[in-house]
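J.: Structure file protein-v6.json (JSON, C-alpha atoms) is given on the next line.
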[["chain", "number", "residue", "atom", "x", "y", "z"],
["A", 1089, "MET", "CA", -44.50, -22.31, 70.63],
["A", 1090, "THR", "CA", -45.12, -26.08, 70.40],
["A", 1091, "PRO", "CA", -42.00, -28.08, 69.57],
["A", 1092, "ASP", "CA", -42.09, -30.47, 66.63],
["A", 1093, "SER", "CA", -41.24, -34.14, 67.04],
["A", 1094, "SER", "CA", -37.71, -33.80, 65.65],
["A", 1095, "SER", "CA", -36.77, -31.31, 68.37],
["A", 1096, "GLU", "CA", -37.56, -33.96, 70.99],
["A", 1097, "SER", "CA", -34.85, -36.27, 69.64],
["A", 1098, "ASP", "CA", -32.02, -33.93, 68.59],
["A", 1099, "PRO", "CA", -30.23, -32.78, 71.77],
["A", 1100, "ARG", "CA", -28.59, -29.82, 70.08],
["A", 1101, "ARG", "CA", -31.91, -28.48, 68.84],
["A", 1102, "ILE", "CA", -33.34, -29.04, 72.32],
["A", 1103, "LEU", "CA", -30.43, -27.09, 73.79],
["A", 1104, "ALA", "CA", -31.05, -24.20, 71.40],
["A", 1105, "ALA", "CA", -34.76, -24.23, 72.22],
["A", 1106, "SER", "CA", -34.05, -24.09, 75.96],
["A", 1107, "PHE", "CA", -32.81, -20.50, 75.65],
["A", 1108, "THR", "CA", -36.16, -19.20, 74.43],
["A", 1109, "ARG", "CA", -38.88, -21.37, 76.03],
["A", 1110, "ALA", "CA", -39.55, -23.99, 78.68],
["A", 1111, "LEU", "CA", -38.75, -27.54, 77.58],
["A", 1112, "THR", "CA", -41.25, -30.38, 77.62],
["A", 1113, "GLU", "CA", -40.61, -33.30, 79.96],
["A", 1114, "ALA", "CA", -39.50, -35.43, 77.02],
["A", 1115, "GLU", "CA", -37.10, -32.77, 75.76],
["A", 1116, "GLN", "CA", -35.60, -32.24, 79.22],
["A", 1117, "ALA", "CA", -35.14, -35.98, 79.65],
["A", 1118, "ALA", "CA", -33.38, -36.22, 76.28],
["A", 1119, "LEU", "CA", -31.09, -33.29, 77.09],
["A", 1120, "ASP", "CA", -30.26, -34.76, 80.52],
["A", 1121, "ALA", "CA", -29.49, -38.13, 78.97],
["A", 1122, "TRP", "CA", -27.17, -36.52, 76.42],
["A", 1123, "ALA", "CA", -25.36, -34.59, 79.16],
["A", 1124, "ALA", "CA", -24.95, -37.74, 81.25],
["A", 1125, "GLY", "CA", -23.55, -39.65, 78.29],
["A", 1126, "SER", "CA", -20.15, -37.97, 77.99],
["A", 1127, "ALA", "CA", -17.90, -35.23, 79.25],
["A", 1128, "GLU", "CA", -17.79, -33.83, 75.71],
["A", 1129, "ALA", "CA", -21.55, -33.34, 75.70],
["A", 1130, "ARG", "CA", -21.47, -31.57, 79.05],
["A", 1131, "ALA", "CA", -18.67, -29.31, 77.83],
["A", 1132, "GLU", "CA", -20.64, -28.47, 74.68],
["A", 1133, "ILE", "CA", -23.70, -27.58, 76.74],
["A", 1134, "ALA", "CA", -21.63, -25.36, 79.04],
["A", 1135, "ASP", "CA", -19.87, -23.61, 76.14],
["A", 1136, "THR", "CA", -23.13, -23.05, 74.28],
["A", 1137, "ARG", "CA", -24.86, -21.59, 77.32],
["A", 1138, "GLU", "CA", -21.86, -19.30, 77.88],
["A", 1139, "ALA", "CA", -22.10, -18.12, 74.29],
["A", 1140, "TRP", "CA", -25.82, -17.41, 74.57],
["A", 1141, "LEU", "CA", -25.22, -15.48, 77.76],
["A", 1142, "ALA", "CA", -22.70, -13.35, 75.91],
["A", 1143, "VAL", "CA", -25.24, -12.73, 73.16],
["A", 1144, "GLY", "CA", -27.70, -11.58, 75.80],
["A", 1145, "LEU", "CA", -25.17, -9.12, 77.19],
["A", 1146, "ALA", "CA", -24.56, -7.74, 73.71],
["A", 1147, "ALA", "CA", -28.16, -7.91, 72.57],
["A", 1148, "GLU", "CA", -28.21, -4.41, 71.09],
["A", 1149, "ASP", "CA", -25.21, -5.00, 68.82],
["A", 1150, "PRO", "CA", -26.50, -5.35, 65.20],
["A", 1151, "THR", "CA", -24.02, -8.14, 64.46],
["A", 1152, "VAL", "CA", -25.16, -10.04, 67.52],
["A", 1153, "ARG", "CA", -28.82, -9.61, 66.60],
["A", 1154, "ALA", "CA", -28.15, -10.96, 63.11],
["A", 1155, "LEU", "CA", -26.20, -13.91, 64.48],
["A", 1156, "ARG", "CA", -28.88, -14.71, 67.04],
["A", 1157, "ARG", "CA", -31.56, -14.53, 64.32],
["A", 1158, "SER", "CA", -29.52, -16.92, 62.16],
["A", 1159, "VAL", "CA", -29.13, -19.40, 65.01],
["A", 1160, "ARG", "CA", -32.82, -19.29, 65.86],
["A", 1161, "LEU", "CA", -33.76, -19.86, 62.22],
["A", 1162, "SER", "CA", -31.31, -22.74, 61.94],
["A", 1163, "ALA", "CA", -32.75, -24.26, 65.09],
["A", 1164, "GLY", "CA", -36.27, -24.00, 63.74],
["A", 1165, "LEU", "CA", -37.30, -21.55, 66.46],
["A", 1166, "ASP", "CA", -38.42, -18.70, 64.15],
["A", 1167, "ARG", "CA", -40.08, -18.53, 60.77],
["A", 1168, "PRO", "CA", -37.97, -16.87, 58.07],
["A", 1169, "PRO", "CA", -39.29, -13.44, 57.06],
["A", 1170, "VAL", "CA", -39.54, -14.56, 53.41],
["A", 1171, "ARG", "CA", -39.70, -17.99, 51.80],
["A", 1172, "ALA", "CA", -36.15, -19.14, 51.20],
["A", 1173, "ALA", "CA", -34.18, -22.27, 50.65],
["A", 1174, "ARG", "CA", -33.95, -24.60, 53.66],
["A", 1175, "PRO", "CA", -31.09, -23.43, 55.91],
["A", 1176, "ASP", "CA", -28.00, -25.57, 55.90],
["A", 1177, "ARG", "CA", -28.27, -27.42, 59.24],
["A", 1178, "ARG", "CA", -24.78, -28.84, 59.08],
["A", 1179, "TRP", "CA", -23.49, -25.81, 60.98],
["A", 1180, "LEU", "CA", -25.93, -26.52, 63.80],
["A", 1181, "VAL", "CA", -25.26, -30.26, 63.74],
["A", 1182, "GLY", "CA", -21.60, -29.44, 64.16],
["A", 1183, "GLY", "CA", -22.58, -27.84, 67.47],
["A", 1184, "LEU", "CA", -23.39, -24.37, 68.63],
["A", 1185, "THR", "CA", -19.90, -24.37, 70.09],
["A", 1186, "LEU", "CA", -18.78, -22.87, 66.78],
["A", 1187, "MET", "CA", -20.73, -19.84, 67.79],
["A", 1188, "ALA", "CA", -19.04, -19.84, 71.18],
["A", 1189, "ALA", "CA", -15.63, -20.01, 69.52],
["A", 1190, "GLY", "CA", -16.42, -17.00, 67.35],
["A", 1191, "LEU", "CA", -17.59, -15.02, 70.34],
["A", 1192, "VAL", "CA", -14.58, -15.88, 72.46],
["A", 1193, "ALA", "CA", -12.35, -14.88, 69.56],
["A", 1194, "GLY", "CA", -13.75, -11.39, 70.02],
["A", 1195, "ALA", "CA", -15.81, -11.07, 66.85],
["A", 1196, "VAL", "CA", -18.99, -9.92, 68.60],
["A", 1197, "LEU", "CA", -18.51, -10.52, 72.29],
["A", 1198, "VAL", "CA", -18.94, -7.57, 74.62],
["A", 1199, "GLU", "CA", -16.52, -8.07, 77.49],
["A", 1200, "ARG", "CA", -18.29, -9.25, 80.60],
["A", 1201, "PRO", "CA", -18.02, -7.10, 83.71],
["A", 1202, "ARG", "CA", -15.29, -8.33, 86.03],
["A", 1203, "THR", "CA", -16.11, -8.45, 89.72],
["A", 1204, "GLU", "CA", -13.59, -8.99, 92.52],
["A", 1205, "ILE", "CA", -13.99, -8.93, 96.29],
["A", 1206, "PHE", "CA", -11.06, -7.98, 98.51],
["A", 1207, "VAL", "CA", -10.93, -8.58, 102.27],
["A", 1208, "ALA", "CA", -7.95, -7.36, 104.31],
["A", 1209, "PRO", "CA", -6.56, -9.53, 107.13],
["A", 1210, "PRO", "CA", -8.11, -8.78, 110.55],
["A", 1211, "HIS", "CA", -5.00, -7.09, 111.99],
["A", 1212, "GLU", "CA", -3.06, -5.91, 108.95],
["A", 1213, "ALA", "CA", -3.64, -3.46, 106.12],
["A", 1214, "ALA", "CA", -3.82, -4.83, 102.56],
["A", 1215, "ARG", "CA", -2.20, -3.16, 99.56],
["A", 1216, "LEU", "CA", -4.10, -3.92, 96.36],
["A", 1217, "THR", "CA", -3.61, -3.33, 92.66],
["A", 1218, "LEU", "CA", -6.93, -3.38, 90.82],
["A", 1219, "ALA", "CA", -7.58, -4.61, 87.29],
["A", 1220, "ASP", "CA", -7.28, -1.08, 85.84],
["A", 1221, "GLY", "CA", -3.96, -0.39, 87.58],
["A", 1222, "SER", "CA", -5.47, 1.69, 90.38],
["A", 1223, "ARG", "CA", -3.94, 1.09, 93.80],
["A", 1224, "VAL", "CA", -5.82, 0.79, 97.08],
["A", 1225, "THR", "CA", -4.66, 0.48, 100.67],
["A", 1226, "LEU", "CA", -7.38, -1.25, 102.69],
["A", 1227, "SER", "CA", -7.43, -1.00, 106.49],
["A", 1228, "PRO", "CA", -7.38, -4.17, 108.64],
["A", 1229, "GLY", "CA", -10.61, -6.10, 108.25],
["A", 1230, "GLY", "CA", -11.68, -3.83, 105.39],
["A", 1231, "ARG", "CA", -13.86, -5.17, 102.57],
["A", 1232, "LEU", "CA", -13.97, -3.79, 99.02],
["A", 1233, "THR", "CA", -15.95, -4.98, 95.99],
["A", 1234, "ALA", "CA", -14.71, -3.87, 92.55],
["A", 1235, "ARG", "CA", -16.72, -4.30, 89.34],
["A", 1236, "PHE", "CA", -15.07, -3.23, 86.08],
["A", 1237, "SER", "CA", -16.69, -3.10, 82.63],
["A", 1238, "ARG", "CA", -15.83, -1.39, 79.37],
["A", 1239, "ARG", "CA", -17.64, 1.80, 80.41],
["A", 1240, "ALA", "CA", -17.45, 1.97, 84.20],
["A", 1241, "ARG", "CA", -15.39, 1.19, 87.28],
["A", 1242, "SER", "CA", -17.76, 0.70, 90.20],
["A", 1243, "LEU", "CA", -16.52, -0.05, 93.70],
["A", 1244, "ALA", "CA", -18.17, -0.44, 97.08],
["A", 1245, "LEU", "CA", -16.35, 0.02, 100.38],
["A", 1246, "THR", "CA", -18.48, -1.92, 102.86],
["A", 1247, "GLU", "CA", -16.04, -2.26, 105.76],
["A", 1248, "GLY", "CA", -13.06, -0.26, 107.01],
["A", 1249, "ASP", "CA", -11.11, 2.66, 105.58],
["A", 1250, "ALA", "CA", -9.30, 2.91, 102.25],
["A", 1251, "PHE", "CA", -6.84, 5.12, 100.41],
["A", 1252, "PHE", "CA", -7.27, 5.22, 96.63],
["A", 1253, "ASP", "CA", -4.70, 6.11, 93.97],
["A", 1254, "VAL", "CA", -6.86, 6.01, 90.84],
["A", 1255, "SER", "CA", -5.56, 5.44, 87.31],
["A", 1256, "HIS", "CA", -6.84, 8.09, 84.93],
["A", 1257, "ASP", "CA", -9.36, 6.87, 82.36],
["A", 1258, "ALA", "CA", -11.62, 9.57, 80.95],
["A", 1259, "HIS", "CA", -13.88, 7.01, 79.30],
["A", 1260, "ARG", "CA", -14.53, 4.98, 82.46],
["A", 1261, "PRO", "CA", -15.58, 6.98, 85.52],
["A", 1262, "PHE", "CA", -14.38, 5.57, 88.83],
["A", 1263, "THR", "CA", -17.05, 5.49, 91.55],
["A", 1264, "VAL", "CA", -16.92, 4.31, 95.14],
["A", 1265, "ALA", "CA", -20.12, 3.63, 97.06],
["A", 1266, "VAL", "CA", -19.76, 4.22, 100.82],
["A", 1267, "GLY", "CA", -23.01, 3.72, 102.67],
["A", 1268, "ASP", "CA", -25.61, 5.99, 101.07],
["A", 1269, "ARG", "CA", -23.05, 8.23, 99.35],
["A", 1270, "THR", "CA", -21.22, 7.86, 96.04],
["A", 1271, "LEU", "CA", -17.77, 9.27, 95.28],
["A", 1272, "THR", "CA", -17.07, 9.92, 91.59],
["A", 1273, "VAL", "CA", -13.58, 10.60, 90.17],
["A", 1274, "LEU", "CA", -11.62, 10.33, 86.93],
["A", 1275, "GLY", "CA", -8.08, 10.29, 88.29],
["A", 1276, "THR", "CA", -7.21, 11.21, 91.84],
["A", 1277, "ARG", "CA", -5.82, 10.26, 95.24],
["A", 1278, "PHE", "CA", -8.12, 10.32, 98.22],
["A", 1279, "ASN", "CA", -8.72, 8.79, 101.63],
["A", 1280, "VAL", "CA", -12.04, 7.42, 102.90],
["A", 1281, "ALA", "CA", -12.57, 7.08, 106.66],
["A", 1282, "GLY", "CA", -15.80, 5.49, 107.82],
["A", 1283, "GLY", "CA", -16.97, 4.99, 111.37],
["A", 1284, "ARG", "CA", -19.56, 7.18, 113.05],
["A", 1285, "ARG", "CA", -18.98, 10.04, 110.59],
["A", 1286, "LEU", "CA", -17.83, 9.55, 107.02],
["A", 1287, "THR", "CA", -14.82, 11.71, 106.08],
["A", 1288, "VAL", "CA", -13.34, 11.84, 102.58],
["A", 1289, "SER", "CA", -9.98, 13.63, 102.21],
["A", 1290, "LEU", "CA", -8.80, 14.66, 98.74],
["A", 1291, "ALA", "CA", -5.03, 14.75, 98.15],
["A", 1292, "GLN", "CA", -5.00, 15.15, 94.37],
["A", 1293, "GLY", "CA", -7.39, 15.55, 91.43],
["A", 1294, "SER", "CA", -11.10, 16.20, 91.76],
["A", 1295, "LEU", "CA", -13.90, 14.31, 93.43],
["A", 1296, "ARG", "CA", -17.67, 14.69, 93.64],
["A", 1297, "VAL", "CA", -19.73, 13.34, 96.55],
["A", 1298, "THR", "CA", -23.38, 12.63, 95.84],
["A", 1299, "LYS", "CA", -26.25, 11.56, 98.05],
["A", 1300, "THR", "CA", -29.89, 11.24, 97.12],
["A", 1301, "GLY", "CA", -31.84, 14.20, 98.42],
["A", 1302, "ALA", "CA", -28.78, 16.36, 99.16],
["A", 1303, "PRO", "CA", -26.73, 18.79, 97.04],
["A", 1304, "ASP", "CA", -23.59, 17.40, 95.41],
["A", 1305, "VAL", "CA", -20.30, 18.43, 97.02],
["A", 1306, "LEU", "CA", -17.26, 18.99, 94.78],
["A", 1307, "LEU", "CA", -13.90, 18.66, 96.54],
["A", 1308, "ARG", "CA", -10.66, 20.37, 95.62],
["A", 1309, "PRO", "CA", -7.21, 19.11, 96.67],
["A", 1310, "GLY", "CA", -6.62, 19.83, 100.34],
["A", 1311, "GLU", "CA", -10.30, 19.63, 101.26],
["A", 1312, "ARG", "CA", -12.29, 17.11, 103.25],
["A", 1313, "TYR", "CA", -15.89, 16.05, 102.86],
["A", 1314, "VAL", "CA", -17.48, 15.58, 106.27],
["A", 1315, "ALA", "CA", -20.87, 13.87, 106.47],
["A", 1316, "ALA", "CA", -23.41, 15.83, 108.46],
["A", 1317, "GLY", "CA", -27.04, 14.85, 108.89],
["A", 1318, "ALA", "CA", -28.72, 14.23, 105.56],
["A", 1319, "GLY", "CA", -25.87, 15.79, 103.60],
["A", 1320, "GLY", "CA", -22.31, 16.96, 104.12],
["A", 1321, "ARG", "CA", -19.89, 19.84, 103.73],
["A", 1322, "ALA", "CA", -16.42, 20.58, 102.39],
["A", 1323, "GLU", "CA", -13.77, 22.02, 104.68],
["A", 1324, "ALA", "CA", -10.03, 22.64, 104.53],
["A", 1325, "GLY", "CA", -7.89, 20.10, 106.34],
["A", 1326, "ASP", "CA", -4.53, 18.34, 106.60],
["A", 1327, "VAL", "CA", -5.49, 15.65, 104.14],
["A", 1328, "LEU", "CA", -2.02, 14.06, 103.98],
["A", 1329, "ASN", "CA", -2.13, 13.38, 107.71],
["A", 1330, "ASP", "CA", -5.61, 11.90, 107.26],
["A", 1331, "ALA", "CA", -3.96, 9.21, 105.10],
["A", 1332, "ALA", "CA", -0.90, 8.69, 107.32],
["A", 1333, "TRP", "CA", -2.36, 5.38, 108.58],
["A", 1334, "THR", "CA", -1.31, 3.83, 105.26],
["A", 1335, "SER", "CA", 2.32, 4.18, 106.40],
["A", 1336, "GLY", "CA", 1.67, 2.93, 109.93],
["A", 1337, "ARG", "CA", 1.09, 6.27, 111.67],
["A", 1338, "LEU", "CA", -1.87, 8.22, 113.02],
["A", 1339, "VAL", "CA", -1.87, 11.99, 113.50],
["A", 1340, "PHE", "CA", -4.31, 13.53, 115.97],
["A", 1341, "ALA", "CA", -4.99, 17.27, 115.92],
["A", 1342, "ASP", "CA", -6.98, 18.18, 119.01],
["A", 1343, "ILE", "CA", -9.62, 15.50, 118.65],
["A", 1344, "SER", "CA", -11.59, 13.69, 121.33],
["A", 1345, "LEU", "CA", -10.24, 10.47, 122.78],
["A", 1346, "GLY", "CA", -13.49, 8.85, 121.65],
["A", 1347, "ASP", "CA", -12.73, 9.73, 118.01],
["A", 1348, "ALA", "CA", -9.07, 8.78, 118.46],
["A", 1349, "ALA", "CA", -10.06, 5.37, 119.85],
["A", 1350, "GLU", "CA", -12.31, 4.76, 116.84],
["A", 1351, "ARG", "CA", -9.54, 5.71, 114.40],
["A", 1352, "LEU", "CA", -7.06, 3.50, 116.25],
["A", 1353, "SER", "CA", -9.46, 0.57, 116.10],
["A", 1354, "ARG", "CA", -9.83, 0.85, 112.34],
["A", 1355, "ALA", "CA", -6.16, 1.50, 111.57],
["A", 1356, "ALA", "CA", -4.71, -1.18, 113.88],
["A", 1357, "GLY", "CA", -7.39, -3.80, 113.42],
["A", 1358, "ARG", "CA", -7.78, -4.09, 117.20],
["A", 1359, "LYS", "CA", -10.60, -2.93, 119.41],
["A", 1360, "VAL", "CA", -9.78, 0.14, 121.49],
["A", 1361, "ILE", "CA", -12.11, 0.13, 124.48],
["A", 1362, "LEU", "CA", -12.77, 3.04, 126.84],
["A", 1363, "GLY", "CA", -13.28, 1.58, 130.30],
["A", 1364, "ASP", "CA", -15.05, 4.75, 131.46],
["A", 1365, "PRO", "CA", -17.41, 6.66, 129.08],
["A", 1366, "SER", "CA", -16.21, 10.00, 130.49],
["A", 1367, "LEU", "CA", -12.79, 9.37, 128.92],
["A", 1368, "ALA", "CA", -14.28, 10.01, 125.48],
["A", 1369, "ALA", "CA", -14.28, 13.78, 126.12],
["A", 1370, "LEU", "CA", -10.51, 14.01, 126.69],
["A", 1371, "ARG", "CA", -8.66, 15.86, 123.91],
["A", 1372, "VAL", "CA", -5.57, 14.45, 122.28],
["A", 1373, "SER", "CA", -2.97, 15.79, 119.84],
["A", 1374, "GLY", "CA", 0.17, 14.25, 118.42],
["A", 1375, "SER", "CA", 1.52, 11.47, 116.25],
["A", 1376, "VAL", "CA", 1.65, 7.78, 117.15],
["A", 1377, "ARG", "CA", 3.00, 4.69, 115.42],
["A", 1378, "ILE", "CA", 0.42, 1.91, 115.24],
["A", 1379, "GLU", "CA", 2.51, -1.18, 114.43],
["A", 1380, "ARG", "CA", 2.92, -1.95, 118.15],
["A", 1381, "LEU", "CA", 0.12, -1.31, 120.61],
["A", 1382, "ASP", "CA", 2.70, -1.13, 123.42],
["A", 1383, "ASP", "CA", 4.02, 2.05, 121.76],
["A", 1384, "VAL", "CA", 0.47, 3.41, 121.55],
["A", 1385, "ARG", "CA", -0.02, 2.67, 125.25],
["A", 1386, "ALA", "CA", 3.15, 4.54, 126.18],
["A", 1387, "VAL", "CA", 2.12, 7.65, 124.22],
["A", 1388, "LEU", "CA", -1.41, 7.72, 125.65],
["A", 1389, "GLU", "CA", -0.22, 7.32, 129.23],
["A", 1390, "ALA", "CA", 2.37, 10.08, 128.70],
["A", 1391, "VAL", "CA", -0.08, 12.70, 127.45],
["A", 1392, "LEU", "CA", -3.36, 11.79, 129.17],
["A", 1393, "PRO", "CA", -4.48, 10.89, 132.72],
["A", 1394, "VAL", "CA", -5.14, 7.27, 131.73],
["A", 1395, "SER", "CA", -3.81, 3.78, 132.28],
["A", 1396, "THR", "CA", -3.85, 1.12, 129.58],
["A", 1397, "ARG", "CA", -3.63, -2.63, 129.22],
["A", 1398, "LEU", "CA", -3.93, -5.29, 126.54],
["A", 1399, "SER", "CA", -6.74, -7.81, 126.85],
["A", 1400, "ARG", "CA", -6.26, -11.54, 126.31],
["A", 1401, "ASP", "CA", -7.55, -11.01, 122.74],
["A", 1402, "GLY", "CA", -4.93, -8.32, 122.05],
["A", 1403, "ASP", "CA", -7.35, -5.40, 122.28],
["A", 1404, "LEU", "CA", -6.42, -2.12, 123.98],
["A", 1405, "VAL", "CA", -8.35, -1.13, 127.11],
["A", 1406, "ILE", "CA", -8.07, 2.48, 128.34],
["A", 1407, "SER", "CA", -9.07, 3.34, 131.93],
["A", 1408, "PRO", "CA", -8.76, 6.41, 134.15],
["A", 1409, "ALA", "CA", -5.36, 6.68, 135.81],
["A", 1410, "ALA", "CA", -5.25, 5.83, 139.49],
["A", 1411, "GLY", "CA", -5.95, 8.91, 141.59],
["A", 1412, "SER", "CA", -7.24, 11.02, 138.70],
["A", 1413, "SER", "CA", -10.41, 12.90, 139.59],
["A", 1414, "ARG", "CA", -11.28, 14.62, 136.31],
["A", 1415, "HIS", "CA", -10.92, 13.72, 132.67],
["A", 1416, "GLY", "CA", -11.45, 16.98, 130.79]]
Just give me the structure as structure tokens.

T.:
Amino acid sequence: MTPDSSSESDPRRILAASFTRALTEAEQAALDAWAAGSAEARAEIADTREAWLAVGLAAEDPTVRALRRSVRLSAGLDRPPVRAARPDRRWLVGGLTLMAAGLVAGAVLVERPRTEIFVAPPHEAARLTLADGSRVTLSPGGRLTARFSRRARSLALTEGDAFFDVSHDAHRPFTVAVGDRTLTVLGTRFNVAGGRRLTVSLAQGSLRVTKTGAPDVLLRPGERYVAAGAGGRAEAGDVLNDAAWTSGRLVFADISLGDAAERLSRAAGRKVILGDPSLAALRVSGSVRIERLDDVRAVLEAVLPVSTRLSRDGDLVISPAAGSSRHG
């Protein structure tokens, strides 16, 4: 559409036109000059653009469509469907910010999705309360992105482990993306442990695990989902102990030292390094507090043929004990 000469001199009409077509050089120069002239003009431009963005988000709402049609007609951007009296342009001259005010007041605005990113400190768990009242414990160094809208609660756990206590909301499913799998719940408590093998432990409620190309897995309380190959399986397990890290404790039930070292690394926010690869095959059982790595060292040296030390960076290094000749 070719702009008429009046649109090249009225900055508010130019602003309205900018939402539907590219501006001419003259129009852009006029709009830039108006914005540079005062803080009020810049604020009006920002508010108007915000309002038009909101209209775009709510484009299917009949009230919004009617309002957008009215604004376009007033701005001379569309021809009226039938011959009618000339629209009263005083509303437009007063500024499209009137439209913004109406939207912000809640007349037609669809609430924008709210996105937050949470990152736990490197060596300490973070306890979060999300916008919907759900609570999350995020392991040291963990990273969680939460996006809430009127119809959905979509989260992504991209680093670390997390324990979720989800507020019930039947109208807004709660989903957590972990790698290539999606966990879907309505109201529940569950633990997510990443690392080499994803494990999801359900303490309460119901939870469905989905992955493209694999059958869905529905968990019941007291069951774990364990990733395996292209899919995964449900199995019974001590799911409360799986989440014990949230209270500063890890419980090992006849697992390899390699898996225990990985769990310690995630829960304590410190690297746990095996100085000899053969140590990974050792089996370990028991409970250990993780607030102090010196306590962890004492437990490991008491139950396994290993020696331990802390590196200059505060990481835990595990080596074969002096004089030990076998590790399994």

J.: CA of Leu1226 (chain A) and CA of Arg1238 (chain A) are how many Å apart?

T.: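 These atoms are spaced 24.8 Å apart.
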
J.: Just the residues within 9 Å of Val1254 (chain A), please, counting all atoms listed in the file, with nothing from its chain fewer than 6 positions along; format it as a PyMOL selection string.

T.: chain A and resi 1220-1224+1262+1273-1278

J.: Output C-alpha atoms for every residue in the selection just made, as a JSON list (two decimals), keeping the file's coordinate frame.

T.:
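Full text of selection36.json as output:
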[["chain", "number", "residue", "atom", "x", "y", "z"],
["A", 1220, "ASP", "CA", -7.28, -1.08, 85.84],
["A", 1221, "GLY", "CA", -3.96, -0.39, 87.58],
["A", 1222, "SER", "CA", -5.47, 1.69, 90.38],
["A", 1223, "ARG", "CA", -3.94, 1.09, 93.80],
["A", 1224, "VAL", "CA", -5.82, 0.79, 97.08],
["A", 1262, "PHE", "CA", -14.38, 5.57, 88.83],
["A", 1273, "VAL", "CA", -13.58, 10.60, 90.17],
["A", 1274, "LEU", "CA", -11.62, 10.33, 86.93],
["A", 1275, "GLY", "CA", -8.08, 10.29, 88.29],
["A", 1276, "THR", "CA", -7.21, 11.21, 91.84],
["A", 1277, "ARG", "CA", -5.82, 10.26, 95.24],
["A", 1278, "PHE", "CA", -8.12, 10.32, 98.22]]

J.: Could you state the separation of CA of Trp1333 (chain A) and CA of Leu1388 (chain A) in Å, given to one decimal place?

T.: 17.3 Å

J.: Applying 10 Å and all atoms listed in the file, which residues near Arg1296 (chain A) remain after dropping the ones on its own chain fewer than 5 positions away? List them as JSON, numbers by chain.

T.: {"A": [1263, 1270, 1271, 1272, 1273, 1304, 1305, 1306, 1307, 1308, 1313]}

J.: Provide the CA of Leu1328 (chain A) to CA of Leu1345 (chain A) distance in Å, to one decimal place.

T.: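 Taking CA of Leu1328 (chain A) and CA of Leu1345 (chain A), their separation equals 20.8 Å.
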
J.: Using only C-alpha atoms, collect all residues at a distance of at most 6 Å from (-13.5, 9.5, 123.2) as written in the file, then present them as a list in words.

T.: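 Applying the cut-off with only C-alpha atoms, one gets Ser1344, Leu1345, Gly1346, Asp1347, Leu1367, Ala1368 and Ala1369 of chain A.
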
J.: Nearest to Gly1282 (chain A) among A:Ala1213, A:Ala1355, A:Ile1343, A:Ala1123, with distances taken over only C-alpha atoms: which residue is it?

T.: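 Closest to Gly1282 (chain A), using only C-alpha atoms: A:Ala1355.
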
J.: Pick out the residues sitting within 7 Å of Asn1329 (chain A), and hand them over as JSON, numbers by chain; count all atoms listed in the file, and ignore anything fewer than 3 positions along from it in its own chain.

T.: {"A": [1326, 1332, 1339]}

J.: Considering all atoms listed in the file, can you say which of A:Ala1240, A:Val1314, A:Val1297, A:Ala1214 comes closest to Gly1357 (chain A)?

T.: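 Nearest candidate to Gly1357 (chain A) out of A:Ala1240, A:Val1314, A:Val1297, A:Ala1214: A:Ala1214.
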
J.: I want to know what sits within 9 Å of Glu1247 (chain A), based on all atoms listed in the file, with residues of the same chain fewer than 4 positions away left out; could you give that as an mmCIF file with C-alpha atoms, in the frame of the given file?

T.:
data_model
loop_
_atom_site.group_PDB
_atom_site.id
_atom_site.type_symbol
_atom_site.label_atom_id
_atom_site.label_comp_id
_atom_site.auth_asym_id
_atom_site.auth_seq_id
_atom_site.Cartn_x
_atom_site.Cartn_y
_atom_site.Cartn_z
ATOM 1 C CA VAL A 1207 -10.930 -8.580 102.270
ATOM 2 C CA SER A 1227 -7.430 -1.000 106.490
ATOM 3 C CA GLY A 1229 -10.610 -6.100 108.250
ATOM 4 C CA GLY A 1230 -11.680 -3.830 105.390
ATOM 5 C CA ARG A 1231 -13.860 -5.170 102.570
ATOM 6 C CA LEU A 1232 -13.970 -3.790 99.020
ATOM 7 C CA VAL A 1266 -19.760 4.220 100.820
ATOM 8 C CA GLY A 1282 -15.800 5.490 107.820
#
